[in-house]
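Novice: Dropping in work_24.csv, with CSV, N, CA and C atoms.
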```
chain,number,residue,atom,x,y,z
A,1,MET,N,65.1,101.4,127.4
A,1,MET,CA,65.7,101.0,126.1
A,1,MET,C,67.0,101.8,125.8
A,2,GLU,N,68.0,101.2,125.4
A,2,GLU,CA,69.3,101.9,125.2
A,2,GLU,C,69.2,102.8,123.9
A,3,GLN,N,69.7,104.0,124.1
A,3,GLN,CA,69.8,104.9,123.0
A,3,GLN,C,71.0,104.6,122.1
A,4,PRO,N,70.9,104.7,120.8
A,4,PRO,CA,72.0,104.5,119.9
A,4,PRO,C,73.0,105.7,120.2
A,5,GLY,N,74.3,105.4,120.2
A,5,GLY,CA,75.3,106.4,120.4
A,5,GLY,C,75.3,107.4,119.2
A,6,GLU,N,75.7,108.6,119.5
A,6,GLU,CA,75.7,109.6,118.4
A,6,GLU,C,76.6,109.1,117.3
A,7,MET,N,76.1,109.3,116.1
A,7,MET,CA,76.9,108.8,114.9
A,7,MET,C,77.0,110.0,113.9
A,8,ASN,N,78.3,110.5,113.9
A,8,ASN,CA,78.5,111.7,113.0
A,8,ASN,C,79.4,111.3,111.8
A,9,THR,N,80.0,110.2,111.7
A,9,THR,CA,80.8,109.9,110.6
A,9,THR,C,80.4,108.6,109.9
A,10,VAL,N,80.8,108.4,108.7
A,10,VAL,CA,80.5,107.2,108.0
A,10,VAL,C,81.0,106.0,108.7
A,11,SER,N,82.3,106.1,109.2
A,11,SER,CA,82.9,105.0,109.9
A,11,SER,C,82.2,104.6,111.2
A,12,GLN,N,81.6,105.6,111.9
A,12,GLN,CA,80.8,105.2,113.1
A,12,GLN,C,79.6,104.4,112.8
A,13,ILE,N,78.9,104.8,111.7
A,13,ILE,CA,77.7,104.1,111.3
A,13,ILE,C,78.0,102.7,110.8
A,14,LEU,N,79.1,102.6,110.0
A,14,LEU,CA,79.5,101.3,109.5
A,14,LEU,C,79.9,100.4,110.6
A,15,GLU,N,80.5,100.9,111.6
A,15,GLU,CA,80.9,100.1,112.8
A,15,GLU,C,79.7,99.6,113.6
A,16,LYS,N,78.7,100.5,113.7
A,16,LYS,CA,77.5,100.1,114.4
A,16,LYS,C,76.8,99.0,113.7
A,17,LEU,N,76.7,99.1,112.3
A,17,LEU,CA,76.1,98.1,111.5
A,17,LEU,C,76.9,96.8,111.7
A,18,ARG,N,78.2,96.8,111.7
A,18,ARG,CA,79.1,95.6,111.8
A,18,ARG,C,78.8,95.0,113.2
A,19,LEU,N,78.7,95.7,114.2
A,19,LEU,CA,78.4,95.2,115.6
A,19,LEU,C,77.1,94.5,115.6
A,20,LYS,N,76.1,95.0,114.9
A,20,LYS,CA,74.8,94.4,114.8
A,20,LYS,C,74.6,93.3,113.8
A,21,GLY,N,75.7,93.0,113.1
A,21,GLY,CA,75.7,91.9,112.1
A,21,GLY,C,74.9,92.4,110.8
A,22,ARG,N,74.9,93.7,110.6
A,22,ARG,CA,74.2,94.2,109.4
A,22,ARG,C,75.1,94.9,108.4
A,23,ASP,N,76.3,94.5,108.4
A,23,ASP,CA,77.3,95.2,107.5
A,23,ASP,C,77.4,94.6,106.1
A,24,ASN,N,76.2,94.5,105.5
A,24,ASN,CA,76.1,93.9,104.2
A,24,ASN,C,76.1,95.0,103.1
A,25,GLU,N,77.3,95.2,102.5
A,25,GLU,CA,77.3,96.3,101.5
A,25,GLU,C,76.7,95.8,100.2
A,26,ILE,N,75.9,96.6,99.6
A,26,ILE,CA,75.2,96.3,98.3
A,26,ILE,C,75.9,97.3,97.3
A,27,LYS,N,76.4,96.7,96.3
A,27,LYS,CA,77.2,97.5,95.3
A,27,LYS,C,76.7,97.1,93.9
A,28,MET,N,76.9,98.0,92.9
A,28,MET,CA,76.7,97.7,91.5
A,28,MET,C,77.9,97.0,91.0
A,29,SER,N,77.6,95.8,90.4
A,29,SER,CA,78.7,95.0,89.8
A,29,SER,C,79.1,95.6,88.5
A,30,ASP,N,80.2,95.1,87.9
A,30,ASP,CA,80.7,95.5,86.6
A,30,ASP,C,79.7,95.1,85.5
A,31,HIS,N,78.8,94.2,85.8
A,31,HIS,CA,77.7,93.8,84.9
A,31,HIS,C,76.4,94.6,85.0
A,32,GLY,N,76.5,95.6,85.9
A,32,GLY,CA,75.3,96.5,86.1
A,32,GLY,C,74.2,95.9,87.0
A,33,LYS,N,74.6,94.9,87.8
A,33,LYS,CA,73.6,94.3,88.7
A,33,LYS,C,73.9,94.8,90.1
A,34,MET,N,72.9,95.1,90.9
A,34,MET,CA,73.1,95.4,92.3
A,34,MET,C,73.1,94.2,93.1
A,35,GLN,N,74.2,94.0,93.9
A,35,GLN,CA,74.4,92.7,94.6
A,35,GLN,C,75.1,92.9,95.9
A,36,SER,N,74.8,92.0,96.8
A,36,SER,CA,75.4,91.9,98.1
A,36,SER,C,76.3,90.6,98.2
A,37,ALA,N,77.6,90.8,98.3
A,37,ALA,CA,78.5,89.7,98.3
A,37,ALA,C,78.3,88.9,99.6
A,38,ASN,N,78.1,89.6,100.7
A,38,ASN,CA,77.9,88.9,102.0
A,38,ASN,C,76.7,88.0,102.0
A,39,LEU,N,75.6,88.5,101.4
A,39,LEU,CA,74.3,87.7,101.4
A,39,LEU,C,74.1,86.9,100.2
A,40,ASN,N,75.0,87.0,99.2
A,40,ASN,CA,74.9,86.3,98.0
A,40,ASN,C,73.6,86.5,97.3
A,41,LYS,N,73.2,87.8,97.2
A,41,LYS,CA,71.9,88.1,96.6
A,41,LYS,C,72.1,89.1,95.5
A,42,ILE,N,71.3,89.1,94.5
A,42,ILE,CA,71.2,90.1,93.4
A,42,ILE,C,69.8,90.8,93.6
A,43,TYR,N,69.8,92.1,93.5
A,43,TYR,CA,68.6,92.8,93.7
A,43,TYR,C,68.1,93.6,92.5
A,44,LYS,N,66.7,93.7,92.5
A,44,LYS,CA,66.0,94.7,91.6
A,44,LYS,C,65.6,95.8,92.6
A,45,PRO,N,65.3,97.0,92.0
A,45,PRO,CA,64.9,98.1,92.9
A,45,PRO,C,63.7,97.7,93.8
A,46,GLU,N,62.7,96.9,93.2
A,46,GLU,CA,61.5,96.6,94.0
A,46,GLU,C,61.8,95.6,95.1
A,47,ASP,N,63.0,95.0,95.2
A,47,ASP,CA,63.4,94.1,96.2
A,47,ASP,C,63.9,94.8,97.5
A,48,LEU,N,64.1,96.1,97.4
A,48,LEU,CA,64.7,96.9,98.5
A,48,LEU,C,63.8,98.0,98.9
A,49,THR,N,64.0,98.5,100.1
A,49,THR,CA,63.4,99.7,100.6
A,49,THR,C,64.5,100.5,101.3
A,50,ILE,N,64.6,101.8,101.0
A,50,ILE,CA,65.6,102.7,101.7
A,50,ILE,C,64.9,103.0,103.0
A,51,VAL,N,65.5,102.6,104.1
A,51,VAL,CA,64.9,102.9,105.5
A,51,VAL,C,65.6,104.0,106.2
A,52,LYS,N,66.8,104.4,105.8
A,52,LYS,CA,67.5,105.6,106.4
A,52,LYS,C,68.5,106.1,105.4
A,53,THR,N,68.6,107.4,105.4
A,53,THR,CA,69.6,108.1,104.6
A,53,THR,C,70.5,109.0,105.4
A,54,TYR,N,71.8,108.9,105.3
A,54,TYR,CA,72.7,109.8,106.0
A,54,TYR,C,73.5,110.5,104.9
A,55,ARG,N,73.6,111.8,105.1
A,55,ARG,CA,74.4,112.7,104.2
A,55,ARG,C,75.6,113.2,105.0
A,56,PHE,N,76.8,113.1,104.4
A,56,PHE,CA,78.0,113.6,105.0
A,56,PHE,C,78.6,114.6,104.1
A,57,GLU,N,79.0,115.8,104.6
A,57,GLU,CA,79.6,116.8,103.8
A,57,GLU,C,81.0,117.1,104.4
A,58,GLY,N,82.0,117.0,103.7
A,58,GLY,CA,83.4,117.3,104.1
A,58,GLY,C,83.6,118.7,104.5
A,59,MET,N,84.2,119.0,105.6
A,59,MET,CA,84.4,120.4,106.0
A,59,MET,C,85.3,121.2,105.1
A,60,SER,N,86.4,120.5,104.6
A,60,SER,CA,87.3,121.2,103.8
A,60,SER,C,87.7,120.4,102.5
A,61,ASP,N,87.3,119.2,102.5
A,61,ASP,CA,87.6,118.3,101.3
A,61,ASP,C,86.3,117.8,100.7
A,62,PRO,N,86.0,118.3,99.4
A,62,PRO,CA,84.8,117.8,98.8
A,62,PRO,C,84.8,116.3,98.6
A,63,GLY,N,86.0,115.6,98.6
A,63,GLY,CA,86.1,114.2,98.5
A,63,GLY,C,85.5,113.5,99.7
A,64,ASP,N,85.2,114.2,100.8
A,64,ASP,CA,84.7,113.6,102.0
A,64,ASP,C,83.1,113.6,101.9
A,65,SER,N,82.5,114.1,100.9
A,65,SER,CA,81.1,114.2,100.8
A,65,SER,C,80.5,112.9,100.3
A,66,SER,N,79.6,112.4,101.0
A,66,SER,CA,79.0,111.1,100.6
A,66,SER,C,77.6,110.9,101.2
A,67,VAL,N,76.9,109.9,100.6
A,67,VAL,CA,75.6,109.5,101.1
A,67,VAL,C,75.6,108.0,101.4
A,68,LEU,N,75.1,107.7,102.6
A,68,LEU,CA,75.0,106.3,103.0
A,68,LEU,C,73.5,106.0,103.1
A,69,TYR,N,73.1,105.0,102.3
A,69,TYR,CA,71.7,104.5,102.3
A,69,TYR,C,71.6,103.2,103.0
A,70,LEU,N,70.8,103.2,104.1
A,70,LEU,CA,70.5,101.9,104.7
A,70,LEU,C,69.3,101.3,104.0
A,71,VAL,N,69.3,100.1,103.6
A,71,VAL,CA,68.2,99.5,102.9
A,71,VAL,C,67.9,98.1,103.5
A,72,GLU,N,66.6,97.8,103.4
A,72,GLU,CA,66.1,96.5,103.9
A,72,GLU,C,65.5,95.8,102.7
A,73,ASP,N,65.9,94.5,102.6
A,73,ASP,CA,65.4,93.7,101.5
A,73,ASP,C,64.1,93.0,101.9
A,74,LYS,N,63.5,92.3,100.9
A,74,LYS,CA,62.2,91.7,101.2
A,74,LYS,C,62.3,90.5,102.2
A,75,ASP,N,63.5,90.0,102.5
A,75,ASP,CA,63.7,89.0,103.5
A,75,ASP,C,63.9,89.6,104.9
A,76,GLY,N,64.0,90.9,105.0
A,76,GLY,CA,64.2,91.6,106.3
A,76,GLY,C,65.7,91.9,106.6
A,77,ASP,N,66.6,91.5,105.6
A,77,ASP,CA,68.0,91.8,105.8
A,77,ASP,C,68.3,93.2,105.6
A,78,ILE,N,69.1,93.8,106.5
A,78,ILE,CA,69.5,95.2,106.4
A,78,ILE,C,70.9,95.2,105.7
A,79,GLY,N,71.1,96.2,104.8
A,79,GLY,CA,72.4,96.4,104.2
A,79,GLY,C,72.5,97.9,103.9
A,80,TYR,N,73.6,98.2,103.2
A,80,TYR,CA,73.8,99.6,102.9
A,80,TYR,C,74.5,99.8,101.5
A,81,MET,N,74.2,101.0,101.0
A,81,MET,CA,74.9,101.4,99.8
A,81,MET,C,75.5,102.8,100.1
A,82,LEU,N,76.8,102.9,99.7
A,82,LEU,CA,77.6,104.1,99.9
A,82,LEU,C,77.9,104.7,98.6
A,83,ASP,N,77.7,106.1,98.5
A,83,ASP,CA,78.1,106.8,97.3
A,83,ASP,C,78.6,108.1,97.6
A,84,ALA,N,79.7,108.5,96.9
A,84,ALA,CA,80.2,109.9,97.1
A,84,ALA,C,79.5,110.8,96.2
A,85,TYR,N,79.6,112.1,96.4
A,85,TYR,CA,79.0,113.1,95.6
A,85,TYR,C,79.8,113.4,94.3
A,86,GLY,N,79.1,113.6,93.2
A,86,GLY,CA,79.7,114.2,92.0
A,86,GLY,C,80.9,113.4,91.5
A,87,ALA,N,82.0,114.1,91.2
A,87,ALA,CA,83.1,113.5,90.5
A,87,ALA,C,83.8,112.4,91.4
A,88,TYR,N,83.5,112.4,92.7
A,88,TYR,CA,84.2,111.5,93.5
A,88,TYR,C,83.4,110.1,93.6
A,89,SER,N,82.3,110.1,93.0
A,89,SER,CA,81.5,108.9,93.0
A,89,SER,C,82.2,107.7,92.4
A,90,ASP,N,82.0,106.5,93.0
A,90,ASP,CA,82.5,105.3,92.5
A,90,ASP,C,81.6,104.7,91.4
A,91,ASN,N,80.4,105.2,91.3
A,91,ASN,CA,79.4,104.7,90.4
A,91,ASN,C,79.4,105.5,89.1
A,92,ASP,N,80.1,105.0,88.1
A,92,ASP,CA,80.1,105.7,86.8
A,92,ASP,C,78.8,105.6,86.0
A,93,GLY,N,78.4,106.6,85.3
A,93,GLY,CA,77.2,106.5,84.5
A,93,GLY,C,76.0,106.6,85.3
A,94,PRO,N,74.8,106.6,84.6
A,94,PRO,CA,73.5,106.9,85.3
A,94,PRO,C,72.9,105.6,85.9
A,95,ALA,N,73.5,104.4,85.7
A,95,ALA,CA,72.8,103.2,86.2
A,95,ALA,C,72.5,103.2,87.7
A,96,PHE,N,73.5,103.6,88.5
A,96,PHE,CA,73.4,103.6,90.0
A,96,PHE,C,72.3,104.6,90.4
A,97,ALA,N,72.3,105.8,89.9
A,97,ALA,CA,71.3,106.8,90.2
A,97,ALA,C,69.9,106.4,89.7
A,98,ASP,N,69.8,105.8,88.6
A,98,ASP,CA,68.5,105.3,88.0
A,98,ASP,C,68.0,104.2,88.9
A,99,PHE,N,68.9,103.3,89.4
A,99,PHE,CA,68.5,102.2,90.3
A,99,PHE,C,67.9,102.8,91.6
A,100,LEU,N,68.7,103.8,92.2
A,100,LEU,CA,68.2,104.4,93.5
A,100,LEU,C,66.9,105.1,93.4
A,101,LYS,N,66.6,105.8,92.3
A,101,LYS,CA,65.4,106.5,92.1
A,101,LYS,C,64.2,105.5,92.1
A,102,LYS,N,64.4,104.3,91.8
A,102,LYS,CA,63.3,103.3,91.7
A,102,LYS,C,63.0,102.6,93.0
A,103,ILE,N,63.9,102.8,94.0
A,103,ILE,CA,63.7,102.1,95.3
A,103,ILE,C,62.8,102.9,96.2
A,104,PRO,N,61.7,102.3,96.7
A,104,PRO,CA,60.8,103.0,97.6
A,104,PRO,C,61.5,103.3,98.9
A,105,THR,N,61.0,104.4,99.6
A,105,THR,CA,61.6,104.8,100.9
A,105,THR,C,60.6,104.7,102.0
A,106,ALA,N,61.1,104.4,103.2
A,106,ALA,CA,60.3,104.3,104.4
A,106,ALA,C,61.2,104.7,105.5
A,107,ASP,N,61.3,106.0,105.8
A,107,ASP,CA,62.3,106.5,106.8
A,107,ASP,C,62.0,105.9,108.2
A,108,ARG,N,63.0,105.2,108.8
A,108,ARG,CA,62.8,104.6,110.1
A,108,ARG,C,63.7,105.3,111.1
A,109,ASP,N,63.3,105.1,112.3
A,109,ASP,CA,64.0,105.6,113.5
A,109,ASP,C,65.3,104.9,113.7
A,110,GLU,N,66.4,105.6,114.0
A,110,GLU,CA,67.7,104.9,114.3
A,110,GLU,C,67.6,103.8,115.4
A,111,GLN,N,66.8,104.1,116.4
A,111,GLN,CA,66.6,103.2,117.5
A,111,GLN,C,66.1,101.9,117.0
A,112,GLU,N,65.2,101.9,116.1
A,112,GLU,CA,64.6,100.7,115.5
A,112,GLU,C,65.6,99.9,114.7
A,113,LEU,N,66.5,100.6,114.0
A,113,LEU,CA,67.5,100.0,113.2
A,113,LEU,C,68.7,99.4,113.9
A,114,PHE,N,69.1,100.1,115.0
A,114,PHE,CA,70.3,99.8,115.7
A,114,PHE,C,70.2,99.1,117.0
A,115,CYS,N,69.0,99.0,117.5
A,115,CYS,CA,68.8,98.4,118.9
A,115,CYS,C,68.3,97.0,118.8
```
Hey, can you dump this file as structure tokens for me?
Specialist:
Amino acid sequence: MEQPGEMNTVSQILEKLRLKGRDNEIKMSDHGKMQSANLNKIYKPEDLTIVKTYRFEGMSDPGDSSVLYLVEDKDGDIGYMLDAYGAYSDNDGPAFADFLKKIPTADRDEQELFC
């Protein structure tokens, strides 16, 4: 079985997702709903499971610090949510963090997700 290539950056993981047809970004809309434009779906926390979390810390620039959450919905579709740390976050207010806290987790092996 082929081993996934080493993935050290956000762009490497996003490219791997794109190549596997799983580049479905899930974002909070201006109306406070979590949605995937690619899949044309709106989610509640119980519709998703976080299956892998990647944390990136910038060596010299705190603006490079981010978290990438790979999520699977109830239909088996894989997507991702990307958030920067602290002041660099695109998600204003507590709504995004509150949503994340309600999503169950089930850490999966990269090989299972990317092969």
Novice: Please measure the separation of CA of Gln35 in chain A and atom N of Asn8 in chain A, giving the value in Å to one decimal.
Specialist: 26.5 Å
Novice: Tell me which of A:Ser66, A:Val71, A:Lys101, A:Ala37 sits closest to Val51 in chain A, counting all atoms listed in the file.
Specialist: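 Using all atoms listed in the file, Val51 in chain A sits closest to A:Val71.
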Novice: Please determine, counting only N, CA and C atoms, which residue among A:Asp109, A:Glu25, A:Glu15, A:Asp75 has the shortest atom-to-atom distance to Lys52 in chain A.
Specialist: A:Asp109
Novice: Skip Met81 in chain A itself and residues of its chain fewer than 3 positions away, then list as JSON, numbers by chain all residues within 8 Å of it, counting all atoms listed in the file.
Specialist: {"A": [24, 25, 26, 27, 28, 67, 68, 69, 70, 71, 84]}
Novice: Grab the residues selected above and save them as a PDB file, in the coordinates of the input with N, CA and C atoms.
Specialist:
```pdb
ATOM      1  N   ASN A  24      76.200  94.500 105.500  1.00  0.00           N
ATOM      2  CA  ASN A  24      76.100  93.900 104.200  1.00  0.00           C
ATOM      3  C   ASN A  24      76.100  95.000 103.100  1.00  0.00           C
ATOM      4  N   GLU A  25      77.300  95.200 102.500  1.00  0.00           N
ATOM      5  CA  GLU A  25      77.300  96.300 101.500  1.00  0.00           C
ATOM      6  C   GLU A  25      76.700  95.800 100.200  1.00  0.00           C
ATOM      7  N   ILE A  26      75.900  96.600  99.600  1.00  0.00           N
ATOM      8  CA  ILE A  26      75.200  96.300  98.300  1.00  0.00           C
ATOM      9  C   ILE A  26      75.900  97.300  97.300  1.00  0.00           C
ATOM     10  N   LYS A  27      76.400  96.700  96.300  1.00  0.00           N
ATOM     11  CA  LYS A  27      77.200  97.500  95.300  1.00  0.00           C
ATOM     12  C   LYS A  27      76.700  97.100  93.900  1.00  0.00           C
ATOM     13  N   MET A  28      76.900  98.000  92.900  1.00  0.00           N
ATOM     14  CA  MET A  28      76.700  97.700  91.500  1.00  0.00           C
ATOM     15  C   MET A  28      77.900  97.000  91.000  1.00  0.00           C
ATOM     16  N   VAL A  67      76.900 109.900 100.600  1.00  0.00           N
ATOM     17  CA  VAL A  67      75.600 109.500 101.100  1.00  0.00           C
ATOM     18  C   VAL A  67      75.600 108.000 101.400  1.00  0.00           C
ATOM     19  N   LEU A  68      75.100 107.700 102.600  1.00  0.00           N
ATOM     20  CA  LEU A  68      75.000 106.300 103.000  1.00  0.00           C
ATOM     21  C   LEU A  68      73.500 106.000 103.100  1.00  0.00           C
ATOM     22  N   TYR A  69      73.100 105.000 102.300  1.00  0.00           N
ATOM     23  CA  TYR A  69      71.700 104.500 102.300  1.00  0.00           C
ATOM     24  C   TYR A  69      71.600 103.200 103.000  1.00  0.00           C
ATOM     25  N   LEU A  70      70.800 103.200 104.100  1.00  0.00           N
ATOM     26  CA  LEU A  70      70.500 101.900 104.700  1.00  0.00           C
ATOM     27  C   LEU A  70      69.300 101.300 104.000  1.00  0.00           C
ATOM     28  N   VAL A  71      69.300 100.100 103.600  1.00  0.00           N
ATOM     29  CA  VAL A  71      68.200  99.500 102.900  1.00  0.00           C
ATOM     30  C   VAL A  71      67.900  98.100 103.500  1.00  0.00           C
ATOM     31  N   ALA A  84      79.700 108.500  96.900  1.00  0.00           N
ATOM     32  CA  ALA A  84      80.200 109.900  97.100  1.00  0.00           C
ATOM     33  C   ALA A  84      79.500 110.800  96.200  1.00  0.00           C
TER      34      ALA A  84
END
```
Novice: Expressed in Å to a single decimal, how great is the separation between CA of Thr9 in chain A and CA of Ala95 in chain A?
Specialist: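 According to the coordinates, CA of Thr9 in chain A and CA of Ala95 in chain A are separated by 26.5 Å.
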Novice: Distance atom C of Pro104 in chain A-atom C of Asp73 in chain A, one decimal place?
Specialist: 11.0 Å
Novice: Can you pull out the residues contacting Gly21 in chain A? Cut-off 10 Å, using only C-alpha atoms, and skip same-chain residues under 3 positions away; I want them as an MDAnalysis selection string.
Specialist: chainID A and resid 15:18 24 77:79
Novice: Go through A:Lys20, A:Lys44, A:Lys74, A:Arg55 one by one, measure the shortest atom-to-atom distance of each to Leu100 in chain A using only C-alpha atoms, and give the residue with the smallest value.
Specialist: A:Lys44
Novice: Quick one: pick out all strand (DSSP E or B) residues within range 37-83 of chain A from a backbone DSSP run and write them as an mmCIF file with N, CA and C atoms, in the coordinates of the input.
Specialist:
```cif
data_model
loop_
_atom_site.group_PDB
_atom_site.id
_atom_site.type_symbol
_atom_site.label_atom_id
_atom_site.label_comp_id
_atom_site.auth_asym_id
_atom_site.auth_seq_id
_atom_site.Cartn_x
_atom_site.Cartn_y
_atom_site.Cartn_z
ATOM 1 N N LYS A 41 73.200 87.800 97.200
ATOM 2 C CA LYS A 41 71.900 88.100 96.600
ATOM 3 C C LYS A 41 72.100 89.100 95.500
ATOM 4 N N ILE A 42 71.300 89.100 94.500
ATOM 5 C CA ILE A 42 71.200 90.100 93.400
ATOM 6 C C ILE A 42 69.800 90.800 93.600
ATOM 7 N N TYR A 43 69.800 92.100 93.500
ATOM 8 C CA TYR A 43 68.600 92.800 93.700
ATOM 9 C C TYR A 43 68.100 93.600 92.500
ATOM 10 N N LEU A 48 64.100 96.100 97.400
ATOM 11 C CA LEU A 48 64.700 96.900 98.500
ATOM 12 C C LEU A 48 63.800 98.000 98.900
ATOM 13 N N THR A 49 64.000 98.500 100.100
ATOM 14 C CA THR A 49 63.400 99.700 100.600
ATOM 15 C C THR A 49 64.500 100.500 101.300
ATOM 16 N N ILE A 50 64.600 101.800 101.000
ATOM 17 C CA ILE A 50 65.600 102.700 101.700
ATOM 18 C C ILE A 50 64.900 103.000 103.000
ATOM 19 N N VAL A 51 65.500 102.600 104.100
ATOM 20 C CA VAL A 51 64.900 102.900 105.500
ATOM 21 C C VAL A 51 65.600 104.000 106.200
ATOM 22 N N LYS A 52 66.800 104.400 105.800
ATOM 23 C CA LYS A 52 67.500 105.600 106.400
ATOM 24 C C LYS A 52 68.500 106.100 105.400
ATOM 25 N N THR A 53 68.600 107.400 105.400
ATOM 26 C CA THR A 53 69.600 108.100 104.600
ATOM 27 C C THR A 53 70.500 109.000 105.400
ATOM 28 N N TYR A 54 71.800 108.900 105.300
ATOM 29 C CA TYR A 54 72.700 109.800 106.000
ATOM 30 C C TYR A 54 73.500 110.500 104.900
ATOM 31 N N ARG A 55 73.600 111.800 105.100
ATOM 32 C CA ARG A 55 74.400 112.700 104.200
ATOM 33 C C ARG A 55 75.600 113.200 105.000
ATOM 34 N N PHE A 56 76.800 113.100 104.400
ATOM 35 C CA PHE A 56 78.000 113.600 105.000
ATOM 36 C C PHE A 56 78.600 114.600 104.100
ATOM 37 N N SER A 66 79.600 112.400 101.000
ATOM 38 C CA SER A 66 79.000 111.100 100.600
ATOM 39 C C SER A 66 77.600 110.900 101.200
ATOM 40 N N VAL A 67 76.900 109.900 100.600
ATOM 41 C CA VAL A 67 75.600 109.500 101.100
ATOM 42 C C VAL A 67 75.600 108.000 101.400
ATOM 43 N N LEU A 68 75.100 107.700 102.600
ATOM 44 C CA LEU A 68 75.000 106.300 103.000
ATOM 45 C C LEU A 68 73.500 106.000 103.100
ATOM 46 N N TYR A 69 73.100 105.000 102.300
ATOM 47 C CA TYR A 69 71.700 104.500 102.300
ATOM 48 C C TYR A 69 71.600 103.200 103.000
ATOM 49 N N LEU A 70 70.800 103.200 104.100
ATOM 50 C CA LEU A 70 70.500 101.900 104.700
ATOM 51 C C LEU A 70 69.300 101.300 104.000
ATOM 52 N N VAL A 71 69.300 100.100 103.600
ATOM 53 C CA VAL A 71 68.200 99.500 102.900
ATOM 54 C C VAL A 71 67.900 98.100 103.500
ATOM 55 N N GLU A 72 66.600 97.800 103.400
ATOM 56 C CA GLU A 72 66.100 96.500 103.900
ATOM 57 C C GLU A 72 65.500 95.800 102.700
ATOM 58 N N ASP A 73 65.900 94.500 102.600
ATOM 59 C CA ASP A 73 65.400 93.700 101.500
ATOM 60 C C ASP A 73 64.100 93.000 101.900
ATOM 61 N N ILE A 78 69.100 93.800 106.500
ATOM 62 C CA ILE A 78 69.500 95.200 106.400
ATOM 63 C C ILE A 78 70.900 95.200 105.700
ATOM 64 N N GLY A 79 71.100 96.200 104.800
ATOM 65 C CA GLY A 79 72.400 96.400 104.200
ATOM 66 C C GLY A 79 72.500 97.900 103.900
ATOM 67 N N TYR A 80 73.600 98.200 103.200
ATOM 68 C CA TYR A 80 73.800 99.600 102.900
ATOM 69 C C TYR A 80 74.500 99.800 101.500
ATOM 70 N N MET A 81 74.200 101.000 101.000
ATOM 71 C CA MET A 81 74.900 101.400 99.800
ATOM 72 C C MET A 81 75.500 102.800 100.100
ATOM 73 N N LEU A 82 76.800 102.900 99.700
ATOM 74 C CA LEU A 82 77.600 104.100 99.900
ATOM 75 C C LEU A 82 77.900 104.700 98.600
ATOM 76 N N ASP A 83 77.700 106.100 98.500
ATOM 77 C CA ASP A 83 78.100 106.800 97.300
ATOM 78 C C ASP A 83 78.600 108.100 97.600
#
```
Novice: What residues in range 16-72 of chain A get the DSSP label helix (DSSP H, G or I)? Please answer as a list in words.
Specialist: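 Across range 16-72 of chain A, those assigned helix (DSSP H, G or I) are Lys16, Leu17, Arg18, Leu19, Pro45, Glu46, Asp47, Pro62, Gly63 and Asp64 of chain A.
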Novice: Which residue, A:Lys102, A:Glu110, A:Thr53, A:Tyr80, has the smallest gap to Asn38 in chain A when you use only C-alpha atoms?
Specialist: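 Counting only C-alpha atoms, the residue closest to Asn38 in chain A is A:Tyr80.
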